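Shown below: input-v9.pdb, with PDB, C-alpha atoms.
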ATOM      1  CA  MET A   1     -44.367  -6.613 -25.702
ATOM      2  CA  VAL A   2     -41.831  -4.352 -23.894
ATOM      3  CA  HIS A   3     -42.256  -3.486 -20.212
ATOM      4  CA  GLN A   4     -39.639  -1.190 -18.660
ATOM      5  CA  HIS A   5     -39.832  -0.636 -14.933
ATOM      6  CA  PHE A   6     -37.320   2.192 -14.898
ATOM      7  CA  VAL A   7     -36.068   4.744 -17.388
ATOM      8  CA  VAL A   8     -33.170   3.589 -19.552
ATOM      9  CA  PRO A   9     -31.165   6.110 -21.605
ATOM     10  CA  VAL A  10     -31.767   5.412 -25.291
ATOM     11  CA  ALA A  11     -29.452   6.205 -28.166
ATOM     12  CA  LEU A  12     -30.715   5.338 -31.644
ATOM     13  CA  ALA A  13     -28.473   5.162 -34.685
ATOM     14  CA  LEU A  14     -30.971   5.637 -37.536
ATOM     15  CA  LEU A  15     -29.598   3.798 -40.518
ATOM     16  CA  ALA A  16     -30.923   2.568 -43.885
ATOM     17  CA  GLY A  17     -33.833   0.124 -44.220
ATOM     18  CA  GLY A  18     -33.065  -3.408 -43.113
ATOM     19  CA  CYS A  19     -30.469  -2.247 -40.603
ATOM     20  CA  THR A  20     -30.203  -3.136 -36.923
ATOM     21  CA  VAL A  21     -30.593  -0.336 -34.394
ATOM     22  CA  ARG A  22     -29.224  -0.593 -30.868
ATOM     23  CA  VAL A  23     -31.851   0.619 -28.392
ATOM     24  CA  ASP A  24     -30.100  -0.131 -25.097
ATOM     25  CA  SER A  25     -27.630  -2.582 -23.653
ATOM     26  CA  GLU A  26     -30.068  -5.473 -24.009
ATOM     27  CA  GLU A  27     -32.670  -4.704 -26.682
ATOM     28  CA  ARG A  28     -32.250  -4.809 -30.483
ATOM     29  CA  LEU A  29     -34.419  -3.386 -33.260
ATOM     30  CA  ALA A  30     -34.416  -4.187 -36.978
ATOM     31  CA  ARG A  31     -36.566  -3.039 -39.891
ATOM     32  CA  GLU A  32     -37.389  -4.573 -43.229
ATOM     33  CA  GLU A  33     -40.092  -4.068 -45.838
ATOM     34  CA  GLN A  34     -41.947  -5.938 -48.538
ATOM     35  CA  ARG A  35     -43.558  -4.305 -51.593
ATOM     36  CA  PHE A  36     -46.134  -5.721 -53.983
ATOM     37  CA  GLN A  37     -47.571  -4.165 -57.135
ATOM     38  CA  VAL A  38     -51.349  -4.658 -57.382
ATOM     39  CA  SER A  39     -54.276  -3.571 -59.542
ATOM     40  CA  GLY A  40     -57.961  -3.013 -58.970
ATOM     41  CA  THR A  41     -59.069  -4.031 -55.468
ATOM     42  CA  PRO A  42     -56.335  -6.170 -53.873
ATOM     43  CA  GLU A  43     -56.927  -8.831 -51.224
ATOM     44  CA  VAL A  44     -54.423  -8.298 -48.411
ATOM     45  CA  HIS A  45     -53.769 -10.629 -45.463
ATOM     46  CA  VAL A  46     -51.244  -9.599 -42.801
ATOM     47  CA  SER A  47     -50.468 -11.129 -39.417
ATOM     48  CA  THR A  48     -47.943 -10.989 -36.599
ATOM     49  CA  PHE A  49     -47.373 -13.331 -33.673
ATOM     50  CA  ASP A  50     -46.882 -10.428 -31.236
ATOM     51  CA  GLY A  51     -47.022  -6.701 -31.845
ATOM     52  CA  PRO A  52     -49.296  -3.909 -33.090
ATOM     53  CA  ILE A  53     -50.597  -3.520 -36.640
ATOM     54  CA  GLU A  54     -51.359  -0.204 -38.334
ATOM     55  CA  VAL A  55     -53.078  -0.088 -41.728
ATOM     56  CA  ARG A  56     -53.662   3.083 -43.746
ATOM     57  CA  SER A  57     -54.552   3.929 -47.317
ATOM     58  CA  TRP A  58     -52.525   5.740 -49.943
ATOM     59  CA  ASP A  59     -52.883   6.691 -53.624
ATOM     60  CA  ARG A  60     -50.686   3.966 -55.084
ATOM     61  CA  ASN A  61     -51.343   0.634 -56.777
ATOM     62  CA  GLU A  62     -48.968  -0.949 -54.336
ATOM     63  CA  VAL A  63     -49.004  -2.727 -50.996
ATOM     64  CA  LEU A  64     -46.152  -1.851 -48.641
ATOM     65  CA  VAL A  65     -45.609  -3.806 -45.427
ATOM     66  CA  GLU A  66     -42.985  -2.346 -43.075
ATOM     67  CA  VAL A  67     -41.885  -4.736 -40.340
ATOM     68  CA  GLU A  68     -40.218  -3.498 -37.174
ATOM     69  CA  LYS A  69     -38.695  -6.462 -35.349
ATOM     70  CA  ARG A  70     -37.712  -6.274 -31.700
ATOM     71  CA  ALA A  71     -35.757  -8.780 -29.601
ATOM     72  CA  ALA A  72     -33.324  -9.051 -26.719
ATOM     73  CA  ASP A  73     -30.335  -9.826 -28.947
ATOM     74  CA  GLU A  74     -29.133 -10.321 -32.518
ATOM     75  CA  GLU A  75     -29.984 -13.995 -32.480
ATOM     76  CA  GLY A  76     -33.546 -13.149 -31.499
ATOM     77  CA  LEU A  77     -33.868 -10.695 -34.384
ATOM     78  CA  LYS A  78     -32.612 -13.226 -36.901
ATOM     79  CA  SER A  79     -35.066 -15.829 -35.644
ATOM     80  CA  ILE A  80     -38.108 -13.695 -36.582
ATOM     81  CA  GLN A  81     -39.299 -14.876 -39.982
ATOM     82  CA  VAL A  82     -41.201 -12.633 -42.404
ATOM     83  CA  ARG A  83     -43.025 -14.611 -45.069
ATOM     84  CA  GLY A  84     -44.454 -12.653 -47.984
ATOM     85  CA  SER A  85     -46.133 -13.866 -51.147
ATOM     86  CA  LYS A  86     -48.381 -12.679 -53.966
ATOM     87  CA  GLN A  87     -50.719 -14.745 -56.094
ATOM     88  CA  GLY A  88     -52.766 -12.813 -58.605
ATOM     89  CA  ASN A  89     -54.141  -9.847 -56.700
ATOM     90  CA  ARG A  90     -53.791 -11.492 -53.284
ATOM     91  CA  VAL A  91     -50.958 -10.463 -50.959
ATOM     92  CA  ASP A  92     -49.993 -12.424 -47.834
ATOM     93  CA  VAL A  93     -47.428 -11.287 -45.257
ATOM     94  CA  ASP A  94     -47.042 -13.356 -42.092
ATOM     95  CA  VAL A  95     -44.532 -12.714 -39.330
ATOM     96  CA  VAL A  96     -43.863 -16.003 -37.551
ATOM     97  CA  ARG A  97     -43.040 -16.499 -33.888
ATOM     98  CA  PRO A  98     -39.458 -17.729 -33.439
ATOM     99  CA  SER A  99     -39.198 -21.173 -31.921
ATOM    100  CA  GLY A 100     -37.928 -21.271 -28.344
ATOM    101  CA  ARG A 101     -37.434 -17.508 -28.009
ATOM    102  CA  ASP A 102     -39.676 -15.314 -25.917
ATOM    103  CA  THR A 103     -39.022 -12.824 -23.159
ATOM    104  CA  PHE A 104     -35.657 -11.668 -21.827
ATOM    105  CA  VAL A 105     -35.689 -10.745 -18.153
ATOM    106  CA  GLY A 106     -32.827  -8.942 -16.446
ATOM    107  CA  PHE A 107     -32.181  -5.928 -14.240
ATOM    108  CA  GLY A 108     -35.893  -5.048 -14.165
ATOM    109  CA  ILE A 109     -36.291  -5.019 -17.971
ATOM    110  CA  HIS A 110     -38.739  -7.388 -19.672
ATOM    111  CA  ILE A 111     -38.347  -7.692 -23.437
ATOM    112  CA  SER A 112     -40.618  -9.867 -25.561
ATOM    113  CA  THR A 113     -39.671 -10.806 -29.083
ATOM    114  CA  GLN A 114     -42.241  -9.046 -31.286
ATOM    115  CA  ALA A 115     -42.866  -7.543 -34.702
ATOM    116  CA  LYS A 116     -44.860  -4.396 -35.457
ATOM    117  CA  LEU A 117     -46.474  -4.028 -38.894
ATOM    118  CA  VAL A 118     -47.186  -0.747 -40.669
ATOM    119  CA  VAL A 119     -49.192  -1.502 -43.808
ATOM    120  CA  SER A 120     -50.015   0.877 -46.670
ATOM    121  CA  VAL A 121     -52.700  -0.240 -49.139
ATOM    122  CA  PRO A 122     -54.967   1.258 -51.815
ATOM    123  CA  ARG A 123     -58.094   2.792 -50.293
ATOM    124  CA  GLN A 124     -60.332   0.167 -51.925
ATOM    125  CA  VAL A 125     -59.188  -3.155 -50.486
ATOM    126  CA  THR A 126     -60.232  -6.466 -49.022
ATOM    127  CA  LEU A 127     -58.216  -6.654 -45.816
ATOM    128  CA  GLU A 128     -57.611  -9.125 -43.025
ATOM    129  CA  ALA A 129     -55.216  -8.022 -40.270
ATOM    130  CA  ARG A 130     -54.448 -10.303 -37.302
ATOM    131  CA  SER A 131     -52.225  -9.941 -34.246
ATOM    132  CA  SER A 132     -52.001 -12.644 -31.611
ATOM    133  CA  ASP A 133     -51.020 -10.009 -29.043
ATOM    134  CA  GLY A 134     -51.124  -6.320 -29.892
ATOM    135  CA  SER A 135     -53.315  -3.393 -30.849
ATOM    136  CA  VAL A 136     -54.765  -3.009 -34.350
ATOM    137  CA  ARG A 137     -55.621   0.232 -36.156
ATOM    138  CA  ALA A 138     -57.090   0.876 -39.612
ATOM    139  CA  ASP A 139     -57.728   4.271 -41.260
ATOM    140  CA  ARG A 140     -59.482   5.460 -44.433
ATOM    141  CA  LEU A 141     -60.374   2.185 -46.121
ATOM    142  CA  GLU A 142     -63.217   0.988 -48.352
ATOM    143  CA  GLY A 143     -64.199  -2.645 -48.779
ATOM    144  CA  ARG A 144     -64.422  -5.725 -46.577
ATOM    145  CA  ILE A 145     -62.222  -5.033 -43.552
ATOM    146  CA  THR A 146     -61.522  -7.715 -40.922
ATOM    147  CA  LEU A 147     -59.485  -6.828 -37.815
ATOM    148  CA  ARG A 148     -58.526  -9.403 -35.171
ATOM    149  CA  THR A 149     -56.351  -9.458 -32.057
ATOM    150  CA  GLY A 150     -56.042 -11.927 -29.227
ATOM    151  CA  ASP A 151     -55.092  -9.238 -26.706
ATOM    152  CA  GLY A 152     -55.210  -5.541 -27.466
ATOM    153  CA  SER A 153     -57.381  -2.582 -28.387
ATOM    154  CA  VAL A 154     -58.760  -1.950 -31.882
ATOM    155  CA  ARG A 155     -59.376   1.439 -33.489
ATOM    156  CA  ALA A 156     -60.886   2.046 -36.928
ATOM    157  CA  VAL A 157     -61.541   5.443 -38.528
ATOM    158  CA  ASP A 158     -63.344   6.285 -41.785
ATOM    159  CA  ILE A 159     -64.192   2.747 -42.900
ATOM    160  CA  LYS A 160     -66.780   2.258 -45.645
ATOM    161  CA  GLY A 161     -68.248  -1.093 -46.643
ATOM    162  CA  GLU A 162     -68.102  -4.056 -44.283
ATOM    163  CA  LEU A 163     -66.205  -3.828 -40.981
ATOM    164  CA  ASP A 164     -65.715  -6.887 -38.747
ATOM    165  CA  VAL A 165     -63.703  -6.384 -35.525
ATOM    166  CA  GLU A 166     -62.922  -8.859 -32.765
ATOM    167  CA  THR A 167     -60.612  -8.731 -29.746
ATOM    168  CA  ARG A 168     -60.623 -11.199 -26.898
ATOM    169  CA  ASP A 169     -59.357  -8.577 -24.443
ATOM    170  CA  GLY A 170     -59.400  -4.885 -25.232
ATOM    171  CA  SER A 171     -61.506  -1.863 -26.081
ATOM    172  CA  ILE A 172     -62.925  -1.091 -29.531
ATOM    173  CA  THR A 173     -63.270   2.417 -30.971
ATOM    174  CA  VAL A 174     -64.830   3.010 -34.395
ATOM    175  CA  GLU A 175     -65.373   6.462 -35.895
ATOM    176  CA  ASP A 176     -67.098   7.466 -39.147
ATOM    177  CA  ALA A 177     -68.053   3.961 -40.226
ATOM    178  CA  GLU A 178     -70.472   3.495 -43.098
ATOM    179  CA  GLY A 179     -72.143   0.209 -43.987
ATOM    180  CA  ASP A 180     -72.249  -3.118 -42.146
ATOM    181  CA  VAL A 181     -70.493  -3.132 -38.766
ATOM    182  CA  THR A 182     -69.808  -6.074 -36.433
ATOM    183  CA  LEU A 183     -67.849  -5.436 -33.223
ATOM    184  CA  SER A 184     -67.020  -7.945 -30.475
ATOM    185  CA  THR A 185     -64.766  -7.880 -27.414
ATOM    186  CA  GLY A 186     -64.491 -10.378 -24.600
ATOM    187  CA  ASP A 187     -63.464  -7.696 -22.109
ATOM    188  CA  GLY A 188     -63.558  -3.987 -22.854
ATOM    189  CA  GLY A 189     -65.731  -1.033 -23.732
ATOM    190  CA  ILE A 190     -67.026  -0.289 -27.239
ATOM    191  CA  THR A 191     -67.599   3.143 -28.779
ATOM    192  CA  THR A 192     -68.800   3.468 -32.365
ATOM    193  CA  SER A 193     -70.237   6.149 -34.617
ATOM    194  CA  GLY A 194     -71.316   6.352 -38.234
ATOM    195  CA  ARG A 195     -74.083   5.542 -40.685
ATOM    196  CA  PHE A 196     -74.826   1.900 -40.092
ATOM    197  CA  ALA A 197     -76.799  -0.334 -42.450
ATOM    198  CA  SER A 198     -76.443  -3.337 -40.151
ATOM    199  CA  LEU A 199     -74.982  -3.291 -36.648
ATOM    200  CA  LYS A 200     -73.925  -6.025 -34.239
ATOM    201  CA  VAL A 201     -72.114  -4.937 -31.073
ATOM    202  CA  LYS A 202     -71.171  -7.269 -28.218
ATOM    203  CA  SER A 203     -68.996  -6.846 -25.115
ATOM    204  CA  GLY A 204     -68.404  -9.504 -22.495
ATOM    205  CA  ASP A 205     -67.586  -6.850 -19.893
ATOM    206  CA  GLY A 206     -67.701  -3.146 -20.633
ATOM    207  CA  SER A 207     -69.902  -0.164 -21.423
ATOM    208  CA  VAL A 208     -71.173   0.430 -24.963
ATOM    209  CA  THR A 209     -71.849   3.722 -26.760
ATOM    210  CA  VAL A 210     -73.422   3.813 -30.227
ATOM    211  CA  ARG A 211     -73.980   7.036 -32.170
ATOM    212  CA  ALA A 212     -75.893   6.719 -35.434
ATOM    213  CA  ASP A 213     -75.284   9.723 -37.649
ATOM    214  CA  ARG A 214     -78.049  11.570 -39.454
ATOM    215  CA  GLY A 215     -79.023   9.805 -42.650
ATOM    216  CA  THR A 216     -78.724   6.372 -41.039
ATOM    217  CA  GLU A 217     -81.256   3.815 -42.316
ATOM    218  CA  MET A 218     -81.515   0.306 -40.879
ATOM    219  CA  LYS A 219     -81.191  -2.307 -43.634
ATOM    220  CA  SER A 220     -81.491  -5.210 -41.175
ATOM    221  CA  ASP A 221     -81.983  -5.885 -37.462
ATOM    222  CA  TRP A 222     -79.477  -4.337 -35.027
ATOM    223  CA  SER A 223     -78.124  -5.919 -31.852
ATOM    224  CA  VAL A 224     -76.302  -4.052 -29.060
ATOM    225  CA  THR A 225     -75.293  -6.224 -26.097
ATOM    226  CA  THR A 226     -73.030  -6.196 -23.066
ATOM    227  CA  GLU A 227     -72.976  -8.674 -20.226
ATOM    228  CA  ASP A 228     -71.859  -6.048 -17.698
ATOM    229  CA  GLY A 229     -71.979  -2.313 -18.313
ATOM    230  CA  SER A 230     -74.154   0.595 -19.333
ATOM    231  CA  VAL A 231     -75.446   1.115 -22.880
ATOM    232  CA  ALA A 232     -76.018   4.507 -24.522
ATOM    233  CA  VAL A 233     -77.537   4.633 -28.014
ATOM    234  CA  TYR A 234     -77.809   8.006 -29.801
ATOM    235  CA  LEU A 235     -80.221   8.099 -32.746
ATOM    236  CA  PRO A 236     -81.376  10.808 -35.178
ATOM    237  CA  GLU A 237     -84.770  12.269 -34.383
ATOM    238  CA  THR A 238     -86.241  10.791 -37.604
ATOM    239  CA  PHE A 239     -85.089   7.246 -36.738
ATOM    240  CA  SER A 240     -87.587   4.377 -37.008
ATOM    241  CA  ALA A 241     -87.359   0.865 -35.559
ATOM    242  CA  GLU A 242     -89.038  -1.750 -33.409
ATOM    243  CA  LEU A 243     -87.376  -1.421 -30.003
ATOM    244  CA  ASP A 244     -86.627  -4.282 -27.621
ATOM    245  CA  ALA A 245     -84.486  -3.055 -24.708
ATOM    246  CA  GLN A 246     -83.858  -4.922 -21.478
ATOM    247  CA  THR A 247     -81.457  -4.766 -18.520
ATOM    248  CA  GLY A 248     -80.950  -7.364 -15.822
ATOM    249  CA  ASP A 249     -80.151  -4.742 -13.195
ATOM    250  CA  GLY A 250     -80.687  -1.087 -14.026
ATOM    251  CA  THR A 251     -83.086   1.264 -15.773
ATOM    252  CA  VAL A 252     -84.153   1.758 -19.392
ATOM    253  CA  ARG A 253     -84.696   5.401 -20.351
ATOM    254  CA  SER A 254     -85.727   6.793 -23.740
ATOM    255  CA  ASP A 255     -85.991  10.273 -25.232
ATOM    256  CA  PHE A 256     -88.230   8.806 -27.946
ATOM    257  CA  ASP A 257     -91.966   8.308 -27.808
ATOM    258  CA  VAL A 258     -92.063   4.514 -27.842
ATOM    259  CA  GLN A 259     -95.516   3.497 -29.022
ATOM    260  CA  GLY A 260     -96.834   0.593 -27.018
ATOM    261  CA  GLY A 261     -94.090   0.992 -24.409
ATOM    262  CA  ASP A 262     -94.373   1.837 -20.731
ATOM    263  CA  THR A 263     -93.853   5.594 -20.848
ATOM    264  CA  GLU A 264     -94.868   6.205 -17.233
ATOM    265  CA  SER A 265     -92.340   4.126 -15.313
ATOM    266  CA  ARG A 266     -89.004   5.781 -14.518
ATOM    267  CA  HIS A 267     -87.506   2.572 -13.170
ATOM    268  CA  ARG A 268     -88.416   0.083 -15.879
ATOM    269  CA  ARG A 269     -86.010  -2.691 -16.822
ATOM    270  CA  THR A 270     -87.737  -3.505 -20.107
ATOM    271  CA  LEU A 271     -88.996  -1.251 -22.897
ATOM    272  CA  ARG A 272     -90.564  -2.588 -26.080
ATOM    273  CA  GLY A 273     -92.484  -0.759 -28.754
ATOM    274  CA  ARG A 274     -92.320   1.204 -31.961
ATOM    275  CA  ILE A 275     -90.084   4.192 -32.642
ATOM    276  CA  GLY A 276     -91.300   6.373 -35.491
ATOM    277  CA  THR A 277     -92.876   4.201 -38.170
ATOM    278  CA  GLY A 278     -91.235   1.001 -36.886
ATOM    279  CA  GLY A 279     -89.356  -1.358 -39.175
ATOM    280  CA  ASN A 280     -86.378  -3.540 -38.337
ATOM    281  CA  LEU A 281     -85.626  -4.675 -34.786
ATOM    282  CA  LEU A 282     -83.318  -2.683 -32.500
ATOM    283  CA  ARG A 283     -82.387  -5.122 -29.737
ATOM    284  CA  ILE A 284     -80.480  -3.781 -26.701
ATOM    285  CA  ARG A 285     -79.349  -5.903 -23.763
ATOM    286  CA  THR A 286     -77.188  -5.524 -20.676
ATOM    287  CA  GLY A 287     -76.841  -7.943 -17.808
ATOM    288  CA  ASP A 288     -75.987  -5.191 -15.326
ATOM    289  CA  GLY A 289     -76.270  -1.502 -16.123
ATOM    290  CA  SER A 290     -78.530   1.249 -17.400
ATOM    291  CA  ILE A 291     -79.769   1.674 -20.972
ATOM    292  CA  SER A 292     -80.214   5.163 -22.442
ATOM    293  CA  LEU A 293     -81.857   5.805 -25.782
ATOM    294  CA  ARG A 294     -81.051   9.374 -26.723
ATOM    295  CA  ASN A 295     -82.465  11.616 -29.433
ATOM    296  CA  TRP A 296     -79.966  13.933 -31.077
TER     297      TRP A 296
END
Exercise: express the given structure as structure tokens:
Amino acid sequence: MVHQHFVVPVALALLAGGCTVRVDSEERLAREEQRFQVSGTPEVHVSTFDGPIEVRSWDRNEVLVEVEKRAADEEGLKSIQVRGSKQGNRVDVDVVRPSGRDTFVGFGIHISTQAKLVVSVPRQVTLEARSSDGSVRADRLEGRITLRTGDGSVRAVDIKGELDVETRDGSITVEDAEGDVTLSTGDGGITTSGRFASLKVKSGDGSVTVRADRGTEMKSDWSVTTEDGSVAVYLPETFSAELDAQTGDGTVRSDFDVQGGDTESRHRRTLRGRIGTGGNLLRIRTGDGSISLRNW
């Protein structure tokens, strides 16, 4: 990652692909790309040792991986290895951490050797994207989508099928998801919206907001959990489930008529009962914070 503690004048000489661009007196930038022809629904695996990943769809039977390498000097750039391969309809691109090269420190500038990936794939895809340290974003994809980062935020927009997101440290934002959704962060807030068939949301430390769009039908039990933070769940007025909501320190409030629940108490920590006609289990937990079940 790059951390600049003061403003440095930047002059970029934009050249052809694969060139080296001088950013300032210390930092270097280089770009290269790898292209793979595919058919049907490709299986794509991409990873980087340090840096963000962006994945988006396009209308081509081709996978394009653009790698932007960053280092303190030319030697650092050359040490970053990009390994690409294709077997059948599976594409693998891994950017490997250079041995013995990490962060340059001098005159208040900290420069980590890193590689950013910008990946273009067919809309229907099986995808696994991993960064050891960096944000991950995916837009307009259909299929089984797996997003992982050791340290960084994750954002996914317009994902249909199966979405599985995990970050050890960072927030998660998901918009317009449809299908099975699993979201987990060790430290950070989670915000998600869409039509969920199954839903598993877990934060080690952070607030959680879930908005189920109209037309949502539970196909299995849902779980929404945070160890420390408030939880807000927005559900369509026709929603049905068996509710089990509990907070260790806070209040559970519901806009719904929960049959069998304690509808009188305004300071309850537990609310269990049937919403609508019942059905699958909606389990909500927070160790410290309020729980709001909202009708919209």
Restricting to all atoms listed in the file, whichever of A:Thr251, A:Ser240, A:Ser131, A:Thr216 is closest to Asp180 (chain A) is A:Thr216
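The point (-54.2, -15.1, -35.3) has these residues within 9 Å of it, counting only C-alpha atoms: Ser47, Thr48, Phe49, Ala129, Arg130, Ser131, Ser132, Asp133, Arg148, Thr149 and Gly150 of chain A.
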Which region 103-220 of chain A residues have any atom within 9 Å of an atom of region 274-295 of chain A, and for each, what is the nearest pair of atoms with distance in Å to one decimal, counting all atoms listed in the file, rows sorted by chain and number, as CSV?
residue,atom,partner,partner_atom,distance
A:Ser207,CA,A:Gly289,CA,8.4
A:Met218,CA,A:Asn280,CA,6.7
A:Lys219,CA,A:Asn280,CA,7.5
A:Ser220,CA,A:Asn280,CA,5.9
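Separating CA of Leu235 (chain A) from CA of Ala212 (chain A) is a distance of 5.3 Å.
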A straight line from CA of Asp169 (chain A) to CA of Val118 (chain A) spans 21.7 Å
**Message:** If the PyMOL selection byres ((chain A and resi 208-211) around 8) were run on this exact file, what residues would it hold? Put them as JSON, numbers by chain.
**Reply:** {"A": [189, 190, 191, 192, 193, 194, 203, 206, 207, 212, 213, 224, 225, 226, 229, 230, 231, 232, 233, 234, 235]}
If the PyMOL selection byres ((chain A and resi 45) around 10) is run on the structure shown, which residues does it catch, given as a ChimeraX atom specification? /A:42-44,46-47,84,90-94,126-130,146
What does the PyMOL selection byres ((chain A and resi 56-58) around 7) select in this file, as an NGL selection string?
:A and (54-55 or 59-60 or 119-123 or 138-141)
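Near region 64-73 of chain A, within 7 Å and counting all atoms listed in the file, sit A:Glu26, A:Glu27, A:Arg28, A:Leu29, A:Ala30, A:Arg31, A:Glu32, A:Glu33, A:Gln34, A:Arg35, A:Phe36, A:Leu77, A:Phe104, A:Ile111, A:Ser112, A:Thr113, A:Gln114, A:Ala115, A:Lys116, A:Leu117, A:Val118, A:Val119, A:Ser120, A:Val121; same-chain residues fewer than 4 positions away were not included.
Shortest separation to Glu237 (chain A) among A:Ser223, A:Asp255, A:Asp249, A:Val165 occurs at residue A:Asp255, atoms counted being all atoms listed in the file.
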The distance between CA of Gly143 (chain A) and CA of Thr41 (chain A) is 8.5 Å
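Comparing A:Gly260, A:Thr270, A:Arg155, A:Val63 by their smallest distance to Gly248 (chain A), the closest is A:Thr270 (using only C-alpha atoms).
Minimum atom-to-atom distances from A:Asp151, A:Arg137, A:Lys200, A:Val95 to Glu175 (chain A) were compared using all atoms listed in the file, and the lowest value belongs to A:Arg137.
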Would you kindly place N, CA and C atoms on region 185-201 of chain A and return the model as a short mmCIF file (atom, residue, chain, number, x, y, z; two decimals), keeping the file's coordinate frame?
data_model
loop_
_atom_site.label_atom_id
_atom_site.label_comp_id
_atom_site.auth_asym_id
_atom_site.auth_seq_id
_atom_site.Cartn_x
_atom_site.Cartn_y
_atom_site.Cartn_z
N THR A 185 -65.90 -7.78 -28.33
CA THR A 185 -64.77 -7.88 -27.41
C THR A 185 -65.16 -8.74 -26.23
N GLY A 186 -64.23 -9.56 -25.77
CA GLY A 186 -64.49 -10.38 -24.60
C GLY A 186 -64.44 -9.58 -23.33
N ASP A 187 -63.63 -8.51 -23.31
CA ASP A 187 -63.46 -7.70 -22.11
C ASP A 187 -63.00 -6.31 -22.51
N GLY A 188 -63.92 -5.34 -22.49
CA GLY A 188 -63.56 -3.99 -22.85
C GLY A 188 -64.77 -3.20 -23.31
N GLY A 189 -64.65 -1.89 -23.28
CA GLY A 189 -65.73 -1.03 -23.73
C GLY A 189 -65.73 -0.89 -25.25
N ILE A 190 -66.88 -0.50 -25.80
CA ILE A 190 -67.03 -0.29 -27.24
C ILE A 190 -67.66 1.07 -27.47
N THR A 191 -67.04 1.86 -28.35
CA THR A 191 -67.60 3.14 -28.78
C THR A 191 -67.59 3.18 -30.30
N THR A 192 -68.74 3.47 -30.91
CA THR A 192 -68.80 3.47 -32.36
C THR A 192 -69.74 4.55 -32.86
N SER A 193 -69.39 5.13 -34.00
CA SER A 193 -70.24 6.15 -34.62
C SER A 193 -70.19 5.98 -36.12
N GLY A 194 -71.28 6.43 -36.79
CA GLY A 194 -71.32 6.35 -38.23
C GLY A 194 -72.73 6.17 -38.76
N ARG A 195 -72.81 5.84 -40.04
CA ARG A 195 -74.08 5.54 -40.68
C ARG A 195 -74.12 4.04 -40.94
N PHE A 196 -74.83 3.36 -40.08
CA PHE A 196 -74.83 1.90 -40.09
C PHE A 196 -76.01 1.37 -40.91
N ALA A 197 -75.72 0.41 -41.78
CA ALA A 197 -76.80 -0.33 -42.45
C ALA A 197 -77.21 -1.50 -41.56
N SER A 198 -76.23 -2.30 -41.16
CA SER A 198 -76.44 -3.34 -40.15
C SER A 198 -75.45 -3.11 -39.02
N LEU A 199 -75.83 -3.54 -37.81
CA LEU A 199 -74.98 -3.29 -36.65
C LEU A 199 -75.12 -4.42 -35.65
N LYS A 200 -73.98 -5.01 -35.29
CA LYS A 200 -73.92 -6.02 -34.24
C LYS A 200 -72.78 -5.66 -33.30
N VAL A 201 -73.11 -5.36 -32.05
CA VAL A 201 -72.11 -4.94 -31.07
C VAL A 201 -72.25 -5.81 -29.84
#
